[in-house]
Amino acid sequence: MSEMPIQPLLHVREATKRYGEVRALDGVSLEIGDGEFLTLLGPSGSGKTTLLTAIAGFTELDAGSLTLGGTEITQMPPDKRDFGMVFQGYALFPTMTVAKNIAFPLKIRKWSRADIDRRVKECLALVQMEDYAERMPSQLSGGQQQRVALARALSFHPKVLLLDEPLSALDKKLRADLQWELKDLHRKIGVTFIYVTHDQEEALSMSDRIVILESGRIQQIGEPDELYAHPRTSFVADFLGKSNFFEVTVRGAGAGQVTCTAGEVEMQVQQRNGAAAPAAGRTARVALRPERVRLGPCGSERFSGTIRQHSYLGERSQVIVENEALGRVLVSCPTWKSQVELRQGQPISFGWDDDAPILLDDA
Amino acid sequence: MTTTTIDPPAAAAARRGLSDRGWYWLFVAPALIAMVVFYIWPLVQIFGISFTEPEFGLGNYAALVESRPIQTSLVITFRVAAVTTLLCLVLGYMVSYAIYNAQHRMVGVMLALVLLPFWISVLIRSFAWIVLLGRSGVVNDSLIALGLIEKPIAMMHNEFGVVLAMVHVMLPFAVLPMMANMKGINRAYVDAARGLGASEFGAFWHVYLPQTKPGILSAALLVFVLSLGFYITPALLGGGRVLMISEYITYQIQELLRWGVGSMLSVTLLVMTAVVILAAARFVNLRKALLERG
């Protein structure tokens, strides 16, 4: 697990929530740093939204506690927590103009007219929506609504901004643009962002840290590159990017390197920093990223195989290579430097560097 | 339309099939004819009578400014309709809100309870109120037995009784449009308001209530218009002392055979109702309010 980047602001301790038999949250503990961009990532049903709504105060925890800067807020109603929230679908009030929507939290807090007007203008400028103040939400596009929802959630200077899949309703290109903008905004205002998504690319591109959830439990927490390079479980290795998996037997270990055999094949495997050396004879699972596998003309690499399938994706090609000992191996290679012709049924040679395979914790 | 023939529709249909428009008119015709013969034509005649009986002129309409009883009846009619509407809105709003915020399996039961009165004749329901509210009715007897009062309280043959029974009859008409409206409101708006700092009441007042305005307005219109011309309940519970305009009309025609005055009052009621609807049309989408309910 990585170090806390900054002073912790929000503590989640042993948060548990059951819906009937289902444990939406199962003893989740987490520290969130002041000013951090933290992403809760997981498939649907992983508990990420439950965790967010619990932090927001809409979901009552069955057990566990929440503290904000040392103050216990577990039982505090949502309106007292002073968190900004951007809802999935935005929930802009349909009876109010854009300006009134943004002014709403300020009016509730009894700001003066002049202060409200000034702040609404600032917020509109922040999300580049100055020209739309008097529009109704129904007259805005999805991307514009998203900006207004953001402005509204930030208008009252919340300590934390909670975002529930704010980009999921938008088309791909717009989503990519808004990812840059959100990141930019976060840097500019320095507020803590807690961001829920099921989109791994979104998580990787924006977050300071990512929390990967599955079945109500935290699988792994870490910075994006750390999580990608050193997944701890096969779930993480497969959810964040793609992986090939091999079942191996440990033969010996030393200096962060472990020697394993997968069937007849001997391979060197990377170990995570600080992990205890596995005992010889133990079975384990190894993950191998498709982009770490090299393809070459026959004889140029360690393994030989046959191309079973390939699909051209523009910048990259995905290739499935079959080898007798290893089975099917997924390879992702850049198309611009491909030295071999990719054709189904063609014999090919493939291999990888010793630091590519990663030893996982789960067997 | 390519060719137009003057064959009778049925014959034309038999020979080579009707055009879409032909079928349309064929289906609409029976209802249309019935409407004209039994509804529009009598209405025109009523209109005529109001200007011709007993003699040609505006004589009947002069009663609107001259006759105290007619003015009183009109005032009572509008007052009772207004009070009924107001009470129905408040109670109906509470009921609708409760239904849409209740647990899922309770919704069906609560809906049934709202609709149940629809299946019982208004006449029966009005008589039931008489049994309850009469001088030696259930309520008075119970209160006396409990020693809370010594003499029976007058709970009917006055506006109190009329309004009470009318609210009972009209309540479903208020609940249904408001429920249809609330059904379309996403819970997320209230959550959003709470998340942005509004109290439970603040979220309701600033965010939920404004969104239910269309439902409130169409419920108000429906109940008010129906109340203006309501007959059975005011006649029974009013006992001749709370003379609403429809009972006044019946009285004029059945007892006094004054067709001219009766017709004039009918036309007046029609015009007033139309004015109310037209005024409401400025605020409510009438098509939505009256045609696309529930």
# chains A, B, ... in the order shown; residues from 1 in each chain; ligands from 1
call {"tool": "residues_around", "arguments": {"residues": "range 344-353 of chain A", "least_positions_apart": "2", "cutoff": "12 Å", "atoms": "only C-alpha atoms", "output": "CSV table (one decimal) with all heavy atoms, in the first residue's frame"}}
result
chain,number,residue,atom,x,y,z
A,267,MET,N,10.3,-20.0,-15.4
A,267,MET,CA,10.3,-18.5,-15.6
A,267,MET,C,10.7,-17.8,-14.4
A,267,MET,O,10.6,-18.2,-13.2
A,267,MET,CB,9.0,-18.1,-16.1
A,267,MET,CG,7.8,-18.3,-15.2
A,267,MET,SD,6.3,-17.5,-15.9
A,267,MET,CE,5.6,-18.8,-16.9
A,268,GLN,N,11.3,-16.6,-14.6
A,268,GLN,CA,11.6,-15.7,-13.5
A,268,GLN,C,10.4,-14.8,-13.3
A,268,GLN,O,9.8,-14.3,-14.3
A,268,GLN,CB,12.9,-14.8,-13.9
A,268,GLN,CG,14.1,-15.6,-14.0
A,268,GLN,CD,14.5,-16.3,-12.7
A,268,GLN,OE1,14.5,-15.7,-11.7
A,268,GLN,NE2,14.8,-17.6,-12.8
A,269,VAL,N,10.1,-14.5,-12.0
A,269,VAL,CA,8.9,-13.7,-11.7
A,269,VAL,C,9.2,-12.6,-10.8
A,269,VAL,O,10.0,-12.8,-9.9
A,269,VAL,CB,7.8,-14.7,-11.1
A,269,VAL,CG1,6.6,-13.9,-10.7
A,269,VAL,CG2,7.4,-15.7,-12.2
A,270,GLN,N,8.6,-11.4,-11.0
A,270,GLN,CA,8.8,-10.3,-10.2
A,270,GLN,C,8.0,-10.4,-8.9
A,270,GLN,O,6.9,-10.8,-8.9
A,270,GLN,CB,8.3,-9.1,-10.9
A,270,GLN,CG,9.2,-8.3,-11.8
A,270,GLN,CD,10.0,-7.4,-10.9
A,270,GLN,OE1,11.0,-7.7,-10.3
A,270,GLN,NE2,9.6,-6.1,-10.9
A,288,LEU,N,0.7,-11.7,-16.4
A,288,LEU,CA,1.6,-11.2,-17.4
A,288,LEU,C,0.8,-10.3,-18.3
A,288,LEU,O,-0.2,-10.7,-18.9
A,288,LEU,CB,2.2,-12.4,-18.2
A,288,LEU,CG,3.1,-12.0,-19.4
A,288,LEU,CD1,4.3,-11.3,-18.9
A,288,LEU,CD2,3.4,-13.2,-20.2
A,289,ARG,N,1.2,-9.0,-18.3
A,289,ARG,CA,0.5,-8.0,-19.1
A,289,ARG,C,0.7,-8.3,-20.6
A,289,ARG,O,1.8,-8.5,-21.0
A,289,ARG,CB,1.1,-6.6,-18.8
A,289,ARG,CG,0.8,-6.1,-17.4
A,289,ARG,CD,-0.6,-5.8,-17.2
A,289,ARG,NE,-0.9,-5.2,-15.9
A,289,ARG,CZ,-2.1,-5.1,-15.4
A,289,ARG,NH1,-3.2,-5.5,-16.1
A,289,ARG,NH2,-2.3,-4.5,-14.2
A,290,PRO,N,-0.3,-8.2,-21.4
A,290,PRO,CA,-0.2,-8.5,-22.8
A,290,PRO,C,0.8,-7.6,-23.6
A,290,PRO,O,1.4,-8.1,-24.5
A,290,PRO,CB,-1.6,-8.3,-23.4
A,290,PRO,CG,-2.5,-8.3,-22.2
A,290,PRO,CD,-1.7,-7.9,-21.0
A,291,GLU,N,0.9,-6.4,-23.1
A,291,GLU,CA,1.8,-5.5,-23.8
A,291,GLU,C,3.3,-5.7,-23.5
A,291,GLU,O,4.2,-5.2,-24.1
A,291,GLU,CB,1.4,-4.0,-23.6
A,291,GLU,CG,1.7,-3.5,-22.2
A,291,GLU,CD,0.5,-3.7,-21.2
A,291,GLU,OE1,-0.4,-4.6,-21.6
A,291,GLU,OE2,0.5,-3.1,-20.2
A,292,ARG,N,3.5,-6.6,-22.5
A,292,ARG,CA,4.9,-6.9,-22.1
A,292,ARG,C,5.4,-8.1,-23.0
A,292,ARG,O,6.6,-8.4,-22.9
A,292,ARG,CB,5.0,-7.2,-20.6
A,292,ARG,CG,4.7,-6.1,-19.7
A,292,ARG,CD,5.7,-4.9,-19.8
A,292,ARG,NE,7.1,-5.3,-19.7
A,292,ARG,CZ,7.8,-5.2,-18.6
A,292,ARG,NH1,7.2,-4.8,-17.4
A,292,ARG,NH2,9.1,-5.5,-18.6
A,293,VAL,N,4.5,-8.7,-23.7
A,293,VAL,CA,5.0,-9.9,-24.5
A,293,VAL,C,5.4,-9.3,-25.9
A,293,VAL,O,4.8,-8.5,-26.5
A,293,VAL,CB,3.8,-10.8,-24.7
A,293,VAL,CG1,4.2,-12.1,-25.5
A,293,VAL,CG2,3.2,-11.2,-23.3
A,294,ARG,N,6.6,-9.8,-26.3
A,294,ARG,CA,7.1,-9.4,-27.6
A,294,ARG,C,6.9,-10.5,-28.6
A,294,ARG,O,6.9,-11.7,-28.3
A,294,ARG,CB,8.6,-9.2,-27.5
A,294,ARG,CG,9.1,-8.0,-26.8
A,294,ARG,CD,10.6,-7.8,-27.0
A,294,ARG,NE,11.3,-9.0,-26.5
A,294,ARG,CZ,11.8,-9.2,-25.3
A,294,ARG,NH1,11.7,-8.2,-24.4
A,294,ARG,NH2,12.5,-10.3,-25.0
A,295,LEU,N,6.6,-10.1,-29.8
A,295,LEU,CA,6.4,-11.0,-30.9
A,295,LEU,C,7.6,-10.9,-31.9
A,295,LEU,O,8.2,-9.8,-32.0
A,295,LEU,CB,5.2,-10.8,-31.7
A,295,LEU,CG,3.8,-11.0,-31.0
A,295,LEU,CD1,2.7,-10.7,-31.9
A,295,LEU,CD2,3.7,-12.5,-30.5
A,296,GLY,N,8.1,-11.9,-32.4
A,296,GLY,CA,9.2,-11.8,-33.4
A,296,GLY,C,9.1,-12.9,-34.4
A,296,GLY,O,8.4,-13.9,-34.3
A,297,PRO,N,10.0,-12.9,-35.4
A,297,PRO,CA,10.1,-13.9,-36.4
A,297,PRO,C,10.5,-15.2,-35.7
A,297,PRO,O,11.2,-15.2,-34.7
A,297,PRO,CB,11.1,-13.4,-37.4
A,297,PRO,CG,11.7,-12.2,-36.9
A,297,PRO,CD,10.9,-11.8,-35.7
A,298,CYS,N,10.2,-16.4,-36.3
A,298,CYS,CA,10.4,-17.7,-35.7
A,298,CYS,C,11.9,-17.8,-35.3
A,298,CYS,O,12.8,-17.4,-36.0
A,298,CYS,CB,10.1,-18.8,-36.7
A,298,CYS,SG,8.4,-19.0,-36.9
A,299,GLY,N,12.1,-18.2,-34.0
A,299,GLY,CA,13.4,-18.4,-33.6
A,299,GLY,C,14.0,-17.3,-32.8
A,299,GLY,O,15.0,-17.4,-32.1
A,300,SER,N,13.4,-16.1,-33.0
A,300,SER,CA,14.0,-14.9,-32.3
A,300,SER,C,13.7,-14.8,-30.9
A,300,SER,O,14.4,-14.1,-30.1
A,300,SER,CB,13.6,-13.6,-33.1
A,300,SER,OG,12.2,-13.4,-32.8
A,301,GLU,N,12.7,-15.4,-30.4
A,301,GLU,CA,12.3,-15.4,-29.0
A,301,GLU,C,12.3,-16.7,-28.4
A,301,GLU,O,12.5,-17.8,-29.1
A,301,GLU,CB,11.0,-14.7,-28.8
A,301,GLU,CG,10.9,-13.3,-29.3
A,301,GLU,CD,11.6,-12.3,-28.4
A,301,GLU,OE1,11.9,-12.6,-27.3
A,301,GLU,OE2,11.7,-11.1,-28.8
A,302,ARG,N,12.1,-16.8,-27.0
A,302,ARG,CA,12.2,-18.0,-26.3
A,302,ARG,C,11.2,-19.1,-26.7
A,302,ARG,O,11.4,-20.2,-26.8
A,302,ARG,CB,12.1,-17.7,-24.8
A,302,ARG,CG,12.4,-18.9,-24.0
A,302,ARG,CD,12.4,-18.6,-22.5
A,302,ARG,NE,12.3,-19.8,-21.7
A,302,ARG,CZ,11.8,-19.8,-20.5
A,302,ARG,NH1,11.5,-18.7,-19.9
A,302,ARG,NH2,11.8,-21.0,-19.9
A,303,PHE,N,9.9,-18.6,-26.8
A,303,PHE,CA,8.8,-19.5,-27.1
A,303,PHE,C,8.4,-19.5,-28.5
A,303,PHE,O,8.4,-18.4,-29.2
A,303,PHE,CB,7.6,-19.2,-26.2
A,303,PHE,CG,7.9,-19.2,-24.7
A,303,PHE,CD1,8.1,-18.0,-24.0
A,303,PHE,CD2,8.0,-20.4,-24.0
A,303,PHE,CE1,8.4,-18.0,-22.7
A,303,PHE,CE2,8.3,-20.4,-22.7
A,303,PHE,CZ,8.5,-19.3,-22.0
A,304,SER,N,7.9,-20.6,-29.0
A,304,SER,CA,7.3,-20.6,-30.3
A,304,SER,C,5.8,-20.9,-30.2
A,304,SER,O,5.4,-21.7,-29.3
A,304,SER,CB,8.0,-21.6,-31.3
A,304,SER,OG,7.9,-22.9,-30.7
A,305,GLY,N,5.0,-20.4,-31.1
A,305,GLY,CA,3.6,-20.6,-31.0
A,305,GLY,C,3.0,-20.4,-32.4
A,305,GLY,O,3.6,-20.1,-33.4
A,306,THR,N,1.6,-20.4,-32.4
A,306,THR,CA,0.9,-20.2,-33.6
A,306,THR,C,-0.1,-19.1,-33.3
A,306,THR,O,-0.7,-19.1,-32.2
A,306,THR,CB,0.1,-21.5,-34.0
A,306,THR,OG1,1.0,-22.6,-33.9
A,306,THR,CG2,-0.4,-21.4,-35.4
A,307,ILE,N,-0.3,-18.2,-34.3
A,307,ILE,CA,-1.4,-17.2,-34.1
A,307,ILE,C,-2.7,-17.8,-34.3
A,307,ILE,O,-3.0,-18.4,-35.3
A,307,ILE,CB,-1.2,-16.0,-35.1
A,307,ILE,CG1,0.2,-15.3,-34.9
A,307,ILE,CG2,-2.3,-15.0,-35.1
A,307,ILE,CD1,0.5,-14.2,-35.8
A,308,ARG,N,-3.6,-17.7,-33.3
A,308,ARG,CA,-4.9,-18.2,-33.3
A,308,ARG,C,-5.9,-17.2,-33.8
A,308,ARG,O,-6.9,-17.5,-34.4
A,308,ARG,CB,-5.3,-18.7,-31.9
A,308,ARG,CG,-4.7,-20.1,-31.6
A,308,ARG,CD,-5.3,-21.2,-32.4
A,308,ARG,NE,-4.4,-22.4,-32.3
A,308,ARG,CZ,-4.0,-23.0,-33.4
A,308,ARG,NH1,-4.3,-22.6,-34.6
A,308,ARG,NH2,-3.2,-24.1,-33.2
A,309,GLN,N,-5.7,-16.0,-33.4
A,309,GLN,CA,-6.7,-14.9,-33.7
A,309,GLN,C,-5.9,-13.6,-33.6
A,309,GLN,O,-5.0,-13.5,-32.8
A,309,GLN,CB,-7.8,-15.0,-32.6
A,309,GLN,CG,-9.2,-15.0,-33.2
A,309,GLN,CD,-10.2,-15.1,-32.1
A,309,GLN,OE1,-9.9,-15.5,-31.0
A,309,GLN,NE2,-11.4,-14.8,-32.5
A,310,HIS,N,-6.4,-12.6,-34.3
A,310,HIS,CA,-5.8,-11.3,-34.1
A,310,HIS,C,-6.8,-10.2,-34.5
A,310,HIS,O,-7.7,-10.4,-35.3
A,310,HIS,CB,-4.5,-11.1,-34.8
A,310,HIS,CG,-4.6,-10.7,-36.2
A,310,HIS,ND1,-4.6,-9.4,-36.7
A,310,HIS,CD2,-4.9,-11.5,-37.3
A,310,HIS,CE1,-4.8,-9.5,-38.0
A,310,HIS,NE2,-4.9,-10.7,-38.4
A,311,SER,N,-6.8,-9.1,-33.7
A,311,SER,CA,-7.7,-8.0,-34.1
A,311,SER,C,-7.0,-6.7,-34.1
A,311,SER,O,-6.2,-6.4,-33.2
A,311,SER,CB,-9.0,-8.0,-33.2
A,311,SER,OG,-8.6,-7.6,-31.9
A,319,VAL,N,-3.4,-9.9,-30.2
A,319,VAL,CA,-3.1,-11.2,-30.9
A,319,VAL,C,-3.2,-12.3,-29.8
A,319,VAL,O,-2.7,-12.2,-28.7
A,319,VAL,CB,-1.6,-11.2,-31.4
A,319,VAL,CG1,-1.4,-12.5,-32.3
A,319,VAL,CG2,-1.4,-10.0,-32.3
A,320,ILE,N,-3.8,-13.4,-30.2
A,320,ILE,CA,-3.8,-14.6,-29.3
A,320,ILE,C,-2.9,-15.6,-29.9
A,320,ILE,O,-3.1,-16.1,-31.1
A,320,ILE,CB,-5.2,-15.2,-29.2
A,320,ILE,CG1,-6.1,-14.2,-28.5
A,320,ILE,CG2,-5.2,-16.5,-28.4
A,320,ILE,CD1,-7.6,-14.6,-28.4
A,321,VAL,N,-1.8,-16.0,-29.2
A,321,VAL,CA,-0.8,-16.9,-29.6
A,321,VAL,C,-1.0,-18.2,-28.8
A,321,VAL,O,-1.2,-18.1,-27.6
A,321,VAL,CB,0.6,-16.3,-29.4
A,321,VAL,CG1,1.6,-17.3,-29.8
A,321,VAL,CG2,0.7,-15.0,-30.2
A,322,GLU,N,-0.9,-19.3,-29.4
A,322,GLU,CA,-1.0,-20.6,-28.7
A,322,GLU,C,0.3,-21.3,-28.6
A,322,GLU,O,1.0,-21.5,-29.7
A,322,GLU,CB,-2.1,-21.5,-29.3
A,322,GLU,CG,-2.4,-22.7,-28.4
A,322,GLU,CD,-3.8,-23.3,-28.7
A,322,GLU,OE1,-4.5,-22.8,-29.6
A,322,GLU,OE2,-4.1,-24.2,-28.0
A,323,ASN,N,0.6,-21.7,-27.4
A,323,ASN,CA,1.9,-22.5,-27.2
A,323,ASN,C,1.5,-23.7,-26.5
A,323,ASN,O,0.7,-23.7,-25.6
A,323,ASN,CB,2.9,-21.6,-26.4
A,323,ASN,CG,4.1,-22.4,-25.9
A,323,ASN,OD1,3.9,-23.0,-24.9
A,323,ASN,ND2,5.2,-22.3,-26.6
A,326,LEU,N,2.2,-23.3,-22.5
A,326,LEU,CA,1.6,-22.2,-21.8
A,326,LEU,C,0.1,-22.0,-22.2
A,326,LEU,O,-0.6,-21.2,-21.5
A,326,LEU,CB,2.4,-20.9,-22.2
A,326,LEU,CG,3.8,-20.8,-21.7
A,326,LEU,CD1,4.5,-19.7,-22.3
A,326,LEU,CD2,3.8,-20.7,-20.2
A,328,ARG,N,-3.0,-20.5,-24.3
A,328,ARG,CA,-3.2,-19.3,-25.1
A,328,ARG,C,-2.7,-18.1,-24.4
A,328,ARG,O,-2.9,-17.9,-23.2
A,328,ARG,CB,-4.7,-19.1,-25.4
A,328,ARG,CG,-5.2,-20.2,-26.3
A,328,ARG,CD,-6.6,-20.0,-26.7
A,328,ARG,NE,-6.9,-20.9,-27.9
A,328,ARG,CZ,-7.7,-20.6,-28.9
A,328,ARG,NH1,-8.3,-19.5,-28.9
A,328,ARG,NH2,-7.9,-21.4,-29.9
A,329,VAL,N,-2.0,-17.3,-25.1
A,329,VAL,CA,-1.4,-16.1,-24.5
A,329,VAL,C,-1.9,-14.9,-25.3
A,329,VAL,O,-1.8,-14.8,-26.5
A,329,VAL,CB,0.2,-16.1,-24.5
A,329,VAL,CG1,0.8,-14.8,-24.0
A,329,VAL,CG2,0.7,-17.3,-23.7
A,330,LEU,N,-2.4,-13.9,-24.6
A,330,LEU,CA,-2.9,-12.7,-25.2
A,330,LEU,C,-1.7,-11.7,-25.4
A,330,LEU,O,-1.0,-11.4,-24.4
A,330,LEU,CB,-4.0,-12.0,-24.4
A,330,LEU,CG,-4.6,-10.7,-25.0
A,330,LEU,CD1,-5.3,-11.0,-26.3
A,330,LEU,CD2,-5.5,-10.1,-23.9
A,331,VAL,N,-1.5,-11.2,-26.6
A,331,VAL,CA,-0.4,-10.3,-26.8
A,331,VAL,C,-1.0,-9.0,-27.4
A,331,VAL,O,-1.9,-9.0,-28.2
A,331,VAL,CB,0.6,-10.8,-27.8
A,331,VAL,CG1,1.8,-9.9,-28.0
A,331,VAL,CG2,1.1,-12.2,-27.4
A,332,SER,N,-0.5,-7.9,-26.8
A,332,SER,CA,-0.9,-6.6,-27.4
A,332,SER,C,0.3,-5.9,-27.9
A,332,SER,O,1.2,-5.6,-27.2
A,332,SER,CB,-1.6,-5.8,-26.3
A,332,SER,OG,-1.7,-4.4,-26.7
A,333,CYS,N,0.4,-5.7,-29.2
A,333,CYS,CA,1.6,-5.1,-29.8
A,333,CYS,C,1.3,-3.9,-30.6
A,333,CYS,O,0.3,-3.8,-31.2
A,333,CYS,CB,2.4,-6.1,-30.6
A,333,CYS,SG,1.5,-6.8,-31.9
A,339,GLN,N,7.2,-6.4,-36.7
A,339,GLN,CA,8.1,-6.9,-37.7
A,339,GLN,C,7.6,-8.2,-38.3
A,339,GLN,O,8.2,-8.7,-39.3
A,339,GLN,CB,9.5,-7.3,-37.0
A,339,GLN,CG,10.1,-6.1,-36.3
A,339,GLN,CD,10.7,-6.5,-35.0
A,339,GLN,OE1,10.5,-7.6,-34.5
A,339,GLN,NE2,11.4,-5.5,-34.4
A,340,VAL,N,6.5,-8.7,-37.8
A,340,VAL,CA,6.0,-9.9,-38.4
A,340,VAL,C,4.6,-9.7,-38.9
A,340,VAL,O,3.9,-8.8,-38.5
A,340,VAL,CB,5.9,-11.0,-37.3
A,340,VAL,CG1,7.3,-11.5,-37.0
A,340,VAL,CG2,5.2,-10.5,-36.1
A,341,GLU,N,4.3,-10.5,-39.9
A,341,GLU,CA,3.0,-10.4,-40.5
A,341,GLU,C,2.0,-11.2,-39.6
A,341,GLU,O,2.3,-12.3,-39.1
A,341,GLU,CB,3.0,-11.1,-41.9
A,341,GLU,CG,1.8,-10.6,-42.7
A,341,GLU,CD,1.7,-11.5,-44.0
A,341,GLU,OE1,2.7,-12.2,-44.3
A,341,GLU,OE2,0.6,-11.5,-44.6
A,342,LEU,N,0.9,-10.5,-39.2
A,342,LEU,CA,-0.1,-11.2,-38.3
A,342,LEU,C,-1.1,-11.8,-39.2
A,342,LEU,O,-2.0,-11.1,-39.8
A,342,LEU,CB,-0.7,-10.1,-37.4
A,342,LEU,CG,0.3,-9.4,-36.5
A,342,LEU,CD1,-0.3,-8.3,-35.7
A,342,LEU,CD2,1.1,-10.4,-35.5
A,355,ASP,N,11.4,-9.2,-15.9
A,355,ASP,CA,10.7,-8.4,-14.9
A,355,ASP,C,9.2,-8.3,-15.3
A,355,ASP,O,8.5,-7.5,-14.6
A,355,ASP,CB,11.3,-7.0,-14.7
A,355,ASP,CG,11.3,-6.2,-16.0
A,355,ASP,OD1,10.9,-6.8,-17.0
A,355,ASP,OD2,11.6,-5.0,-15.9
A,356,ALA,N,8.8,-8.9,-16.3
A,356,ALA,CA,7.4,-8.8,-16.8
A,356,ALA,C,6.4,-9.6,-15.9
A,356,ALA,O,5.4,-9.0,-15.5
A,356,ALA,CB,7.3,-9.1,-18.2
A,357,PRO,N,6.6,-10.9,-15.7
A,357,PRO,CA,5.6,-11.6,-14.9
A,357,PRO,C,5.5,-11.2,-13.4
A,357,PRO,O,6.6,-10.9,-12.9
A,357,PRO,CB,6.1,-13.1,-15.0
A,357,PRO,CG,7.1,-13.1,-16.1
A,357,PRO,CD,7.7,-11.7,-16.1
A,358,ILE,N,4.3,-11.1,-12.9
A,358,ILE,CA,4.2,-10.6,-11.5
A,358,ILE,C,3.6,-11.7,-10.7
A,358,ILE,O,2.6,-12.3,-11.1
A,358,ILE,CB,3.2,-9.4,-11.5
A,358,ILE,CG1,3.6,-8.4,-12.6
A,358,ILE,CG2,3.2,-8.7,-10.1
A,358,ILE,CD1,2.4,-7.7,-13.2
call {"tool": "select_by_dssp", "arguments": {"residues": "range 109-147 of chain A", "states": "alpha helix (DSSP H)", "output": "ChimeraX atom specification"}}
result
/A:113-126,142-147
call {"tool": "interface_residues", "arguments": {"of": "chain B", "to": "chain A", "cutoff": "6 Å", "atoms": "only C-alpha atoms", "output": "list of chain:residue names"}}
result
B:Tyr189, B:Arg194, B:Gly195, B:Leu196, B:Gly197, B:Ala198
call {"tool": "write_last_selection", "arguments": {"atoms": "N, CA and C atoms", "output": "short mmCIF file (atom, residue, chain, number, x, y, z; two decimals), in the first residue's frame"}}
result
data_model
loop_
_atom_site.label_atom_id
_atom_site.label_comp_id
_atom_site.auth_asym_id
_atom_site.auth_seq_id
_atom_site.Cartn_x
_atom_site.Cartn_y
_atom_site.Cartn_z
N TYR B 189 -33.69 14.32 -6.85
CA TYR B 189 -33.69 15.77 -6.67
C TYR B 189 -33.70 16.14 -5.19
N ARG B 194 -30.69 17.74 -0.30
CA ARG B 194 -30.13 17.43 1.04
C ARG B 194 -28.62 17.50 1.00
N GLY B 195 -28.06 16.89 -0.05
CA GLY B 195 -26.60 16.86 -0.17
C GLY B 195 -26.00 18.26 -0.30
N LEU B 196 -26.80 19.19 -0.82
CA LEU B 196 -26.30 20.56 -1.00
C LEU B 196 -26.57 21.42 0.22
N GLY B 197 -27.14 20.81 1.26
CA GLY B 197 -27.26 21.54 2.51
C GLY B 197 -28.67 21.85 2.96
N ALA B 198 -29.68 21.44 2.19
CA ALA B 198 -31.05 21.76 2.58
C ALA B 198 -31.55 20.78 3.63
#
call {"tool": "residues_around", "arguments": {"residues": "Arg125 in chain B", "least_positions_apart": "5", "cutoff": "9 Å", "atoms": "only C-alpha atoms", "output": "ChimeraX atom specification"}}
result
/B:117,120,130,165,168-169,233
call {"tool": "write_last_selection", "arguments": {"atoms": "C-alpha atoms", "output": "compact mmCIF listing (two decimals), in the first residue's frame"}}
result
# COMPACT_ATOMS: atom_id res chain seq x y z
CA PRO B 117 -65.05 5.22 -3.00
CA ILE B 120 -69.72 3.15 -4.47
CA ILE B 130 -76.49 11.66 6.79
CA ALA B 165 -69.25 15.15 2.32
CA HIS B 168 -65.04 12.93 0.68
CA VAL B 169 -66.51 12.56 -2.81
CA THR B 233 -74.31 15.65 -2.17
call {"tool": "closest_atom_pairs", "arguments": {"of": "range 189-278 of chain B", "to": "range 80-93 of chain B", "cutoff": "12 Å", "atoms": "only C-alpha atoms", "output": "CSV"}}
result
residue,atom,partner,partner_atom,distance
B:Leu209,CA,B:Tyr93,CA,10.1
B:Thr212,CA,B:Tyr93,CA,9.3
B:Lys213,CA,B:Tyr93,CA,10.8
B:Gly215,CA,B:Tyr93,CA,9.3
B:Ile216,CA,B:Leu89,CA,6.9
B:Leu217,CA,B:Leu89,CA,9.2
B:Ser218,CA,B:Leu89,CA,10.3
B:Ala219,CA,B:Leu89,CA,7.1
B:Ala220,CA,B:Thr85,CA,6.0
B:Leu221,CA,B:Thr85,CA,8.4
B:Leu222,CA,B:Thr85,CA,8.9
B:Val223,CA,B:Thr85,CA,5.7
B:Phe224,CA,B:Ala81,CA,5.6
B:Val225,CA,B:Ala81,CA,8.0
B:Leu226,CA,B:Ala81,CA,8.4
B:Ser227,CA,B:Ala81,CA,5.1
B:Leu228,CA,B:Ala81,CA,5.7
B:Gly229,CA,B:Ala81,CA,9.0
B:Phe230,CA,B:Ala81,CA,8.9
B:Tyr231,CA,B:Ala81,CA,11.8
B:Thr233,CA,B:Val80,CA,11.7
B:Pro234,CA,B:Val80,CA,9.3
B:Gly238,CA,B:Val80,CA,11.2
B:Val242,CA,B:Val80,CA,9.4
B:Leu243,CA,B:Val80,CA,10.4
B:Met244,CA,B:Val80,CA,8.3
B:Ile245,CA,B:Val80,CA,10.8
B:Thr273,CA,B:Ala81,CA,11.5
B:Val276,CA,B:Ala82,CA,11.8
call {"tool": "atom_distance", "arguments": {"atom1": "CA of Lys242 in chain A", "atom2": "CA of Ile218 in chain A"}}
result
19.4 Å
call {"tool": "closest_residue", "arguments": {"among": "B:Val167, B:Leu278, B:Leu58, B:Ala203", "to": "Trp129 in chain B", "atoms": "only C-alpha atoms"}}
result
B:Val167
call {"tool": "residues_around", "arguments": {"residues": "Ile70 in chain B", "least_positions_apart": "5", "cutoff": "9 Å", "atoms": "only C-alpha atoms", "output": "VMD selection string"}}
result
chain B and resid 63 to 65 75 245 248 265
call {"tool": "write_last_selection", "arguments": {"atoms": "C-alpha atoms", "output": "short mmCIF file (atom, residue, chain, number, x, y, z; two decimals), in the first residue's frame"}}
result
data_model
loop_
_atom_site.label_atom_id
_atom_site.label_comp_id
_atom_site.auth_asym_id
_atom_site.auth_seq_id
_atom_site.Cartn_x
_atom_site.Cartn_y
_atom_site.Cartn_z
CA ALA B 63 -82.28 38.44 -12.14
CA LEU B 64 -78.53 38.00 -11.79
CA VAL B 65 -78.27 41.58 -10.57
CA VAL B 75 -71.89 33.02 -3.62
CA ILE B 245 -76.71 26.63 -8.00
CA TYR B 248 -81.46 26.05 -7.31
CA LEU B 265 -78.81 29.84 -14.49
#
